[in-house]
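Structure file coords.pdb (PDB, C-alpha atoms) is printed below.
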```pdb
MODEL        1
ATOM      1  CA  MET Q   1     -15.464  14.947 -15.932  1.00  0.00           C
ATOM      2  CA  LEU Q   2     -17.281  12.211 -17.819  1.00  0.00           C
ATOM      3  CA  LYS Q   3     -18.067   9.203 -15.631  1.00  0.00           C
ATOM      4  CA  ALA Q   4     -19.405   5.720 -16.292  1.00  0.00           C
ATOM      5  CA  LYS Q   5     -22.941   5.361 -14.927  1.00  0.00           C
ATOM      6  CA  ILE Q   6     -23.172   2.590 -12.348  1.00  0.00           C
ATOM      7  CA  ALA Q   7     -26.220   0.716 -11.034  1.00  0.00           C
ATOM      8  CA  VAL Q   8     -25.958  -1.389  -7.878  1.00  0.00           C
ATOM      9  CA  LEU Q   9     -28.350  -4.331  -7.402  1.00  0.00           C
ATOM     10  CA  VAL Q  10     -28.737  -5.346  -3.781  1.00  0.00           C
ATOM     11  CA  SER Q  11     -31.074  -7.379  -1.547  1.00  0.00           C
ATOM     12  CA  GLY Q  12     -29.973  -6.642   2.010  1.00  0.00           C
ATOM     13  CA  GLY Q  13     -28.082  -4.259   4.240  1.00  0.00           C
ATOM     14  CA  GLY Q  14     -25.919  -2.809   1.509  1.00  0.00           C
ATOM     15  CA  THR Q  15     -22.512  -2.800   3.225  1.00  0.00           C
ATOM     16  CA  ASN Q  16     -20.798  -3.299  -0.134  1.00  0.00           C
ATOM     17  CA  LEU Q  17     -22.926  -0.513  -1.622  1.00  0.00           C
ATOM     18  CA  GLN Q  18     -21.712   1.697   1.239  1.00  0.00           C
ATOM     19  CA  ALA Q  19     -18.104   0.721   0.480  1.00  0.00           C
ATOM     20  CA  ILE Q  20     -18.620   1.873  -3.124  1.00  0.00           C
ATOM     21  CA  ILE Q  21     -20.263   5.161  -2.049  1.00  0.00           C
ATOM     22  CA  ASP Q  22     -17.406   5.781   0.418  1.00  0.00           C
ATOM     23  CA  ALA Q  23     -14.850   4.987  -2.298  1.00  0.00           C
ATOM     24  CA  GLN Q  24     -16.408   7.651  -4.522  1.00  0.00           C
ATOM     25  CA  HIS Q  25     -15.992  10.210  -1.744  1.00  0.00           C
ATOM     26  CA  SER Q  26     -12.407   9.157  -0.971  1.00  0.00           C
ATOM     27  CA  GLY Q  27     -11.353   9.202  -4.627  1.00  0.00           C
ATOM     28  CA  VAL Q  28     -10.734   5.455  -5.028  1.00  0.00           C
ATOM     29  CA  ILE Q  29     -13.532   5.492  -7.624  1.00  0.00           C
ATOM     30  CA  ARG Q  30     -13.038   8.398 -10.006  1.00  0.00           C
ATOM     31  CA  SER Q  31     -14.167   6.982 -13.354  1.00  0.00           C
ATOM     32  CA  GLY Q  32     -17.680   5.958 -12.357  1.00  0.00           C
ATOM     33  CA  GLU Q  33     -20.622   7.139 -10.304  1.00  0.00           C
ATOM     34  CA  VAL Q  34     -23.511   5.210  -8.771  1.00  0.00           C
ATOM     35  CA  VAL Q  35     -26.665   6.757 -10.224  1.00  0.00           C
ATOM     36  CA  LEU Q  36     -29.150   3.988  -9.429  1.00  0.00           C
ATOM     37  CA  VAL Q  37     -29.732   1.370  -6.713  1.00  0.00           C
ATOM     38  CA  ILE Q  38     -32.243  -1.420  -7.346  1.00  0.00           C
ATOM     39  CA  SER Q  39     -33.449  -3.862  -4.701  1.00  0.00           C
ATOM     40  CA  ASN Q  40     -35.764  -6.862  -4.914  1.00  0.00           C
ATOM     41  CA  ASN Q  41     -36.484  -6.430  -1.188  1.00  0.00           C
ATOM     42  CA  ALA Q  42     -38.696  -3.513  -0.139  1.00  0.00           C
ATOM     43  CA  ASN Q  43     -37.191  -3.542   3.373  1.00  0.00           C
ATOM     44  CA  ALA Q  44     -33.531  -3.628   2.308  1.00  0.00           C
ATOM     45  CA  TYR Q  45     -31.483  -1.153   4.338  1.00  0.00           C
ATOM     46  CA  ALA Q  46     -29.522  -0.595   1.115  1.00  0.00           C
ATOM     47  CA  LEU Q  47     -32.447   1.542  -0.114  1.00  0.00           C
ATOM     48  CA  THR Q  48     -32.034   3.777   2.949  1.00  0.00           C
ATOM     49  CA  ARG Q  49     -28.291   4.027   2.265  1.00  0.00           C
ATOM     50  CA  ALA Q  50     -29.072   5.115  -1.295  1.00  0.00           C
ATOM     51  CA  GLU Q  51     -31.567   7.689  -0.051  1.00  0.00           C
ATOM     52  CA  ASN Q  52     -29.055   9.046   2.465  1.00  0.00           C
ATOM     53  CA  ALA Q  53     -26.499   9.409  -0.331  1.00  0.00           C
ATOM     54  CA  GLY Q  54     -28.976  11.133  -2.648  1.00  0.00           C
ATOM     55  CA  ILE Q  55     -28.962   8.246  -5.153  1.00  0.00           C
ATOM     56  CA  GLU Q  56     -32.075   7.266  -7.082  1.00  0.00           C
ATOM     57  CA  HIS Q  57     -33.407   3.942  -5.814  1.00  0.00           C
ATOM     58  CA  LEU Q  58     -36.061   1.494  -6.964  1.00  0.00           C
ATOM     59  CA  TYR Q  59     -37.778  -1.536  -5.490  1.00  0.00           C
ATOM     60  CA  ILE Q  60     -38.633  -4.127  -8.128  1.00  0.00           C
ATOM     61  CA  SER Q  61     -40.648  -7.076  -6.847  1.00  0.00           C
ATOM     62  CA  LYS Q  62     -40.253 -10.486  -8.449  1.00  0.00           C
ATOM     63  CA  LYS Q  63     -43.276 -11.652  -6.472  1.00  0.00           C
ATOM     64  CA  GLU Q  64     -45.523  -8.929  -7.914  1.00  0.00           C
ATOM     65  CA  LEU Q  65     -44.199  -9.426 -11.449  1.00  0.00           C
ATOM     66  CA  LYS Q  66     -44.704 -13.186 -11.057  1.00  0.00           C
ATOM     67  CA  THR Q  67     -42.068 -14.452 -13.536  1.00  0.00           C
ATOM     68  CA  GLN Q  68     -38.287 -14.234 -13.770  1.00  0.00           C
ATOM     69  CA  GLU Q  69     -38.653 -12.817 -17.280  1.00  0.00           C
ATOM     70  CA  ALA Q  70     -40.967  -9.993 -16.232  1.00  0.00           C
ATOM     71  CA  PHE Q  71     -38.727  -9.246 -13.233  1.00  0.00           C
ATOM     72  CA  GLU Q  72     -35.625  -9.054 -15.441  1.00  0.00           C
ATOM     73  CA  ASP Q  73     -37.482  -6.996 -18.070  1.00  0.00           C
ATOM     74  CA  ALA Q  74     -38.354  -4.420 -15.403  1.00  0.00           C
ATOM     75  CA  ILE Q  75     -34.700  -4.227 -14.312  1.00  0.00           C
ATOM     76  CA  ILE Q  76     -33.484  -3.978 -17.943  1.00  0.00           C
ATOM     77  CA  ALA Q  77     -35.969  -1.162 -18.636  1.00  0.00           C
ATOM     78  CA  ALA Q  78     -34.727   0.787 -15.599  1.00  0.00           C
ATOM     79  CA  LEU Q  79     -31.061   0.264 -16.575  1.00  0.00           C
ATOM     80  CA  GLU Q  80     -31.523   1.190 -20.226  1.00  0.00           C
ATOM     81  CA  GLU Q  81     -33.664   4.231 -19.464  1.00  0.00           C
ATOM     82  CA  ARG Q  82     -30.790   5.624 -17.389  1.00  0.00           C
ATOM     83  CA  GLU Q  83     -28.108   4.513 -19.883  1.00  0.00           C
ATOM     84  CA  ILE Q  84     -26.271   2.455 -17.248  1.00  0.00           C
ATOM     85  CA  ASP Q  85     -22.727   1.437 -18.244  1.00  0.00           C
ATOM     86  CA  LEU Q  86     -21.835  -0.901 -15.388  1.00  0.00           C
ATOM     87  CA  ILE Q  87     -23.903  -3.098 -13.062  1.00  0.00           C
ATOM     88  CA  VAL Q  88     -22.609  -4.183  -9.657  1.00  0.00           C
ATOM     89  CA  LEU Q  89     -24.248  -7.043  -7.773  1.00  0.00           C
ATOM     90  CA  ALA Q  90     -23.683  -6.359  -4.081  1.00  0.00           C
ATOM     91  CA  GLY Q  91     -25.462  -9.115  -2.193  1.00  0.00           C
ATOM     92  CA  PHE Q  92     -28.200  -9.467  -4.804  1.00  0.00           C
ATOM     93  CA  MET Q  93     -30.059 -12.658  -3.859  1.00  0.00           C
ATOM     94  CA  SER Q  94     -31.532 -13.446  -7.243  1.00  0.00           C
ATOM     95  CA  ILE Q  95     -29.799 -15.485  -9.930  1.00  0.00           C
ATOM     96  CA  LEU Q  96     -29.940 -13.684 -13.276  1.00  0.00           C
ATOM     97  CA  SER Q  97     -30.688 -15.633 -16.454  1.00  0.00           C
ATOM     98  CA  GLU Q  98     -28.383 -16.051 -19.423  1.00  0.00           C
ATOM     99  CA  ARG Q  99     -30.733 -13.772 -21.369  1.00  0.00           C
ATOM    100  CA  PHE Q 100     -29.953 -10.994 -18.874  1.00  0.00           C
ATOM    101  CA  THR Q 101     -26.224 -11.612 -18.415  1.00  0.00           C
ATOM    102  CA  ALA Q 102     -25.560 -11.928 -22.159  1.00  0.00           C
ATOM    103  CA  ARG Q 103     -27.246  -8.561 -22.739  1.00  0.00           C
ATOM    104  CA  PHE Q 104     -24.711  -6.905 -20.418  1.00  0.00           C
ATOM    105  CA  ASP Q 105     -21.679  -9.030 -21.291  1.00  0.00           C
ATOM    106  CA  HIS Q 106     -18.579  -7.927 -19.310  1.00  0.00           C
ATOM    107  CA  ARG Q 107     -20.685  -5.148 -17.769  1.00  0.00           C
ATOM    108  CA  ILE Q 108     -21.831  -6.944 -14.592  1.00  0.00           C
ATOM    109  CA  LEU Q 109     -19.544  -7.355 -11.563  1.00  0.00           C
ATOM    110  CA  ASN Q 110     -20.172  -9.488  -8.494  1.00  0.00           C
ATOM    111  CA  VAL Q 111     -18.278  -9.839  -5.245  1.00  0.00           C
ATOM    112  CA  HIS Q 112     -18.207 -13.316  -3.701  1.00  0.00           C
ATOM    113  CA  PRO Q 113     -16.921 -13.994  -0.152  1.00  0.00           C
ATOM    114  CA  SER Q 114     -14.444 -16.760  -0.977  1.00  0.00           C
ATOM    115  CA  LEU Q 115     -11.441 -17.388  -3.189  1.00  0.00           C
ATOM    116  CA  ILE Q 116     -13.192 -18.798  -6.268  1.00  0.00           C
ATOM    117  CA  PRO Q 117     -13.159 -21.698  -7.251  1.00  0.00           C
ATOM    118  CA  SER Q 118     -13.517 -22.623  -3.549  1.00  0.00           C
ATOM    119  CA  PHE Q 119     -16.944 -22.460  -1.882  1.00  0.00           C
ATOM    120  CA  CYS Q 120     -18.851 -20.960  -4.771  1.00  0.00           C
ATOM    121  CA  GLY Q 121     -21.698 -21.705  -7.168  1.00  0.00           C
ATOM    122  CA  GLN Q 122     -25.315 -22.616  -6.539  1.00  0.00           C
ATOM    123  CA  GLY Q 123     -26.296 -22.436  -2.873  1.00  0.00           C
ATOM    124  CA  TYR Q 124     -23.117 -20.706  -1.688  1.00  0.00           C
ATOM    125  CA  TYR Q 125     -24.013 -17.242  -0.447  1.00  0.00           C
ATOM    126  CA  GLY Q 126     -23.921 -15.218   2.744  1.00  0.00           C
ATOM    127  CA  LEU Q 127     -22.934 -17.080   5.896  1.00  0.00           C
ATOM    128  CA  ARG Q 128     -23.118 -20.463   4.124  1.00  0.00           C
ATOM    129  CA  VAL Q 129     -19.838 -19.684   2.364  1.00  0.00           C
ATOM    130  CA  HIS Q 130     -18.038 -19.032   5.659  1.00  0.00           C
ATOM    131  CA  GLU Q 131     -19.655 -22.056   7.352  1.00  0.00           C
ATOM    132  CA  ALA Q 132     -18.351 -24.238   4.513  1.00  0.00           C
ATOM    133  CA  ALA Q 133     -14.835 -22.802   4.777  1.00  0.00           C
ATOM    134  CA  LEU Q 134     -14.724 -23.439   8.536  1.00  0.00           C
ATOM    135  CA  GLU Q 135     -16.141 -26.962   8.155  1.00  0.00           C
ATOM    136  CA  LYS Q 136     -13.479 -27.787   5.585  1.00  0.00           C
ATOM    137  CA  GLY Q 137     -10.748 -26.482   7.873  1.00  0.00           C
ATOM    138  CA  VAL Q 138      -9.052 -24.247   5.284  1.00  0.00           C
ATOM    139  CA  LYS Q 139      -6.539 -21.786   6.744  1.00  0.00           C
ATOM    140  CA  VAL Q 140      -7.048 -19.039   4.177  1.00  0.00           C
ATOM    141  CA  THR Q 141     -10.209 -17.670   2.611  1.00  0.00           C
ATOM    142  CA  GLY Q 142     -10.937 -14.281   1.056  1.00  0.00           C
ATOM    143  CA  ALA Q 143     -13.056 -12.568  -1.549  1.00  0.00           C
ATOM    144  CA  THR Q 144     -13.296 -12.525  -5.327  1.00  0.00           C
ATOM    145  CA  VAL Q 145     -14.658  -9.918  -7.727  1.00  0.00           C
ATOM    146  CA  HIS Q 146     -15.656 -11.433 -11.050  1.00  0.00           C
ATOM    147  CA  PHE Q 147     -17.674 -10.737 -14.162  1.00  0.00           C
ATOM    148  CA  VAL Q 148     -21.125 -12.308 -14.121  1.00  0.00           C
ATOM    149  CA  ASN Q 149     -22.221 -14.824 -16.730  1.00  0.00           C
ATOM    150  CA  GLU Q 150     -24.962 -17.461 -16.802  1.00  0.00           C
ATOM    151  CA  ILE Q 151     -23.069 -19.754 -14.394  1.00  0.00           C
ATOM    152  CA  PRO Q 152     -23.344 -18.729 -10.708  1.00  0.00           C
ATOM    153  CA  ASP Q 153     -19.884 -17.412  -9.690  1.00  0.00           C
ATOM    154  CA  GLY Q 154     -18.594 -18.692 -13.043  1.00  0.00           C
ATOM    155  CA  GLY Q 155     -17.400 -15.524 -14.784  1.00  0.00           C
ATOM    156  CA  GLU Q 156     -13.868 -14.325 -15.388  1.00  0.00           C
ATOM    157  CA  ILE Q 157     -12.025 -13.209 -12.228  1.00  0.00           C
ATOM    158  CA  ILE Q 158     -11.058  -9.525 -11.912  1.00  0.00           C
ATOM    159  CA  ALA Q 159      -9.516  -9.445  -8.425  1.00  0.00           C
ATOM    160  CA  GLN Q 160      -8.960 -11.628  -5.374  1.00  0.00           C
ATOM    161  CA  LYS Q 161      -7.689 -10.937  -1.878  1.00  0.00           C
ATOM    162  CA  ALA Q 162      -6.811 -13.538   0.738  1.00  0.00           C
ATOM    163  CA  VAL Q 163      -7.856 -13.372   4.386  1.00  0.00           C
ATOM    164  CA  GLU Q 164      -6.461 -15.553   7.152  1.00  0.00           C
ATOM    165  CA  ILE Q 165      -8.780 -17.824   9.147  1.00  0.00           C
ATOM    166  CA  LEU Q 166      -8.029 -17.679  12.869  1.00  0.00           C
ATOM    167  CA  ASP Q 167      -8.572 -20.266  15.609  1.00  0.00           C
ATOM    168  CA  GLY Q 168     -11.957 -19.805  17.199  1.00  0.00           C
ATOM    169  CA  ASP Q 169     -13.513 -18.054  14.211  1.00  0.00           C
ATOM    170  CA  THR Q 170     -17.284 -18.318  13.911  1.00  0.00           C
ATOM    171  CA  PRO Q 171     -18.990 -17.836  10.533  1.00  0.00           C
ATOM    172  CA  GLU Q 172     -20.133 -14.367  11.696  1.00  0.00           C
ATOM    173  CA  VAL Q 173     -16.648 -13.280  12.824  1.00  0.00           C
ATOM    174  CA  LEU Q 174     -15.113 -14.589   9.621  1.00  0.00           C
ATOM    175  CA  GLN Q 175     -17.764 -12.897   7.474  1.00  0.00           C
ATOM    176  CA  LYS Q 176     -16.953  -9.530   9.068  1.00  0.00           C
ATOM    177  CA  ARG Q 177     -13.197  -9.986   8.604  1.00  0.00           C
ATOM    178  CA  VAL Q 178     -13.601 -10.974   4.940  1.00  0.00           C
ATOM    179  CA  MET Q 179     -15.752  -7.889   4.346  1.00  0.00           C
ATOM    180  CA  GLU Q 180     -13.355  -5.500   6.085  1.00  0.00           C
ATOM    181  CA  GLN Q 181     -10.067  -6.963   4.811  1.00  0.00           C
ATOM    182  CA  ALA Q 182     -11.121  -8.021   1.308  1.00  0.00           C
ATOM    183  CA  GLU Q 183     -14.582  -7.207  -0.076  1.00  0.00           C
ATOM    184  CA  TRP Q 184     -14.643  -3.514   0.834  1.00  0.00           C
ATOM    185  CA  ILE Q 185     -11.164  -3.081  -0.673  1.00  0.00           C
ATOM    186  CA  ILE Q 186     -11.229  -5.060  -3.920  1.00  0.00           C
ATOM    187  CA  LEU Q 187     -14.827  -4.267  -4.922  1.00  0.00           C
ATOM    188  CA  PRO Q 188     -14.287  -0.473  -5.174  1.00  0.00           C
ATOM    189  CA  GLN Q 189     -10.883  -1.039  -6.837  1.00  0.00           C
ATOM    190  CA  SER Q 190     -12.486  -3.342  -9.413  1.00  0.00           C
ATOM    191  CA  VAL Q 191     -15.353  -0.913 -10.033  1.00  0.00           C
ATOM    192  CA  GLU Q 192     -12.808   1.823 -10.765  1.00  0.00           C
ATOM    193  CA  LYS Q 193     -10.772  -0.465 -13.025  1.00  0.00           C
ATOM    194  CA  ILE Q 194     -13.744  -1.544 -15.170  1.00  0.00           C
ATOM    195  CA  ALA Q 195     -15.363   1.911 -15.203  1.00  0.00           C
ATOM    196  CA  LYS Q 196     -12.075   3.350 -16.493  1.00  0.00           C
ATOM    197  CA  GLN Q 197     -11.887   0.668 -19.203  1.00  0.00           C
ATOM    198  CA  ILE Q 198     -15.445   1.516 -20.269  1.00  0.00           C
ATOM    199  CA  LEU Q 199     -14.562   5.215 -20.566  1.00  0.00           C
ATOM    200  CA  ASP Q 200     -11.281   4.482 -22.380  1.00  0.00           C
ATOM    201  CA  ASN Q 201     -13.137   2.359 -24.944  1.00  0.00           C
ATOM    202  CA  ARG Q 202     -15.717   4.998 -25.796  1.00  0.00           C
TER     203      ARG Q 202
ENDMDL
END
```

Please lay out the structure from this file as structure tokens.
Amino acid sequence: MLKAKIAVLVSGGGTNLQAIIDAQHSGVIRSGEVVLVISNNANAYALTRAENAGIEHLYISKKELKTQEAFEDAIIAALEEREIDLIVLAGFMSILSERFTARFDHRILNVHPSLIPSFCGQGYYGLRVHEAALEKGVKVTGATVHFVNEIPDGGEIIAQKAVEILDGDTPEVLQKRVMEQAEWIILPQSVEKIAKQILDNR
């Protein structure tokens, strides 16, 4: 069966990458297949996850390439060489320029650990998002999968799932609950949805 070729860009542990790999095995993702993992962090455990799953993986260093443009050019070259159809940002700690996002318009997905438009945009990532939600005293948070454009967390929303905030939650406890109850569910579902659309439009 023909499948959309997926690349996952990741900077850290790769729990969302693992959720996508698991979703391929369980049949949640049928229309796409991860064929490449790229990290800007040589020590990212995500690279080990890719290796364990038999997926090609690359480390591309912004520091070594010195400029954002050279860094993005190296990523673009890797994506185009492998004819990637869909790019998933799964905890990728590098803002991509408009030059990059426009090149892959409606082909880049990101998962963000809040219900956009709350607690999103520049500076909101990782535990900071959950710290902000707890400081504000909101009772419900969640996760959002959206297309990526030149505005951080500014692209069109594909899916959202709410998660309750409980008394006594710490940012770490809340982060884990949002991952388990929202991110790891709606990210694979969204990947399947967009991969299927890509195939249908061929």

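One finds atom CA of Ala19 of chain Q at 19.8 Å from atom CA of Asn43 of chain Q.
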
Notebook entry, point to check: Any chance you could work out the residue set of the PyMOL selection byres ((chain Q and resi 89) around 9) here, as a ChimeraX atom specification?
Noted result: /Q:7-10,87-88,90-93,108-111,148

Note to self: Suppose a student applies the PyMOL selection byres ((chain Q and resi 55-62) around 9) to this structure; what residues should they get, written as a list in words?
What the structure shows: Val34, Val35, Leu36, Val37, Ile38, Ser39, Asn40, Asn41, Ala42, Leu47, Thr48, Arg49, Ala50, Glu51, Asn52, Ala53, Gly54, Lys63, Glu64, Leu65, Lys66, Thr67, Gln68, Ala70, Phe71, Glu72, Ala74, Ile75 and Ala78 of chain Q

Can you spell out as a compact mmCIF listing (two decimals) with C-alpha atoms, keeping the file's coordinate frame the set of residues that the PyMOL selection byres ((chain Q and resi 171) around 9) selects in the structure I just provided?
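Writing done, so here's selection-v7.txt:
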```txt
# COMPACT_ATOMS: atom_id res chain seq x y z
CA LEU Q 127 -22.93 -17.08 5.90
CA ARG Q 128 -23.12 -20.46 4.12
CA VAL Q 129 -19.84 -19.68 2.36
CA HIS Q 130 -18.04 -19.03 5.66
CA GLU Q 131 -19.66 -22.06 7.35
CA ALA Q 132 -18.35 -24.24 4.51
CA ALA Q 133 -14.84 -22.80 4.78
CA LEU Q 134 -14.72 -23.44 8.54
CA ASP Q 169 -13.51 -18.05 14.21
CA THR Q 170 -17.28 -18.32 13.91
CA GLU Q 172 -20.13 -14.37 11.70
CA VAL Q 173 -16.65 -13.28 12.82
CA LEU Q 174 -15.11 -14.59 9.62
CA GLN Q 175 -17.76 -12.90 7.47
CA LYS Q 176 -16.95 -9.53 9.07
```

Next item on the list: Tell me, in Å to one decimal, how far atom CA of Arg107 of chain Q is from atom CA of Glu156 of chain Q.
Entry: 11.7 Å

Next item on the list: To one decimal in Å, tell me the separation between atom CA of Lys5 of chain Q and atom CA of Glu33 of chain Q.
Entry: 5.5 Å

Next item on the list: May I ask which of the residues Q:Gly155, Q:Ala143, Q:Val138, Q:Tyr125 is the closest one to Asp167 of chain Q, counting all atoms listed in the file?
Entry: Q:Val138

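Minimum atom-to-atom distance to Gly142 of chain Q, evaluated using only C-alpha atoms, belongs to Q:Glu180 out of Q:Glu180, Q:Asp73, Q:Asp105, Q:Asp22.
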
Checklist line | Protein/DNA/RNA residues near (-18.4, -5.2, -0.2), cut 10 Å, all atoms listed in the file, as a VMD selection string | finding: chain Q and resid 14 to 20 89 to 91 110 to 113 143 145 178 to 188

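When only C-alpha atoms are used to measure the gap to Gln24 of chain Q, the shortest distance among Q:Glu192, Q:Glu80, Q:Glu135, Q:Asp200 belongs to Q:Glu192.
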
Next item on the list: Kindly indicate which residue among Q:Val140, Q:Leu166, Q:Cys120, Q:Ile76 lies nearest to Gly154 of chain Q, using all atoms listed in the file for the distances.
Entry: Q:Cys120

Checklist line | Selected residue of minimal separation from Leu86 of chain Q among Q:Lys161, Q:Arg202, Q:His106, Q:Arg177, counting all atoms listed in the file | finding: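 Of Q:Lys161, Q:Arg202, Q:His106, Q:Arg177, the one nearest Leu86 of chain Q, counting all atoms listed in the file, is Q:His106.
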
Note to self: Restricting the calculation to all atoms listed in the file: of Q:Ser114, Q:Asn149, Q:Ala159, Q:Ala46, which residue gets closest to Ile21 of chain Q?
What the structure shows: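 For Ile21 of chain Q, the nearest of the given residues is Q:Ala46.
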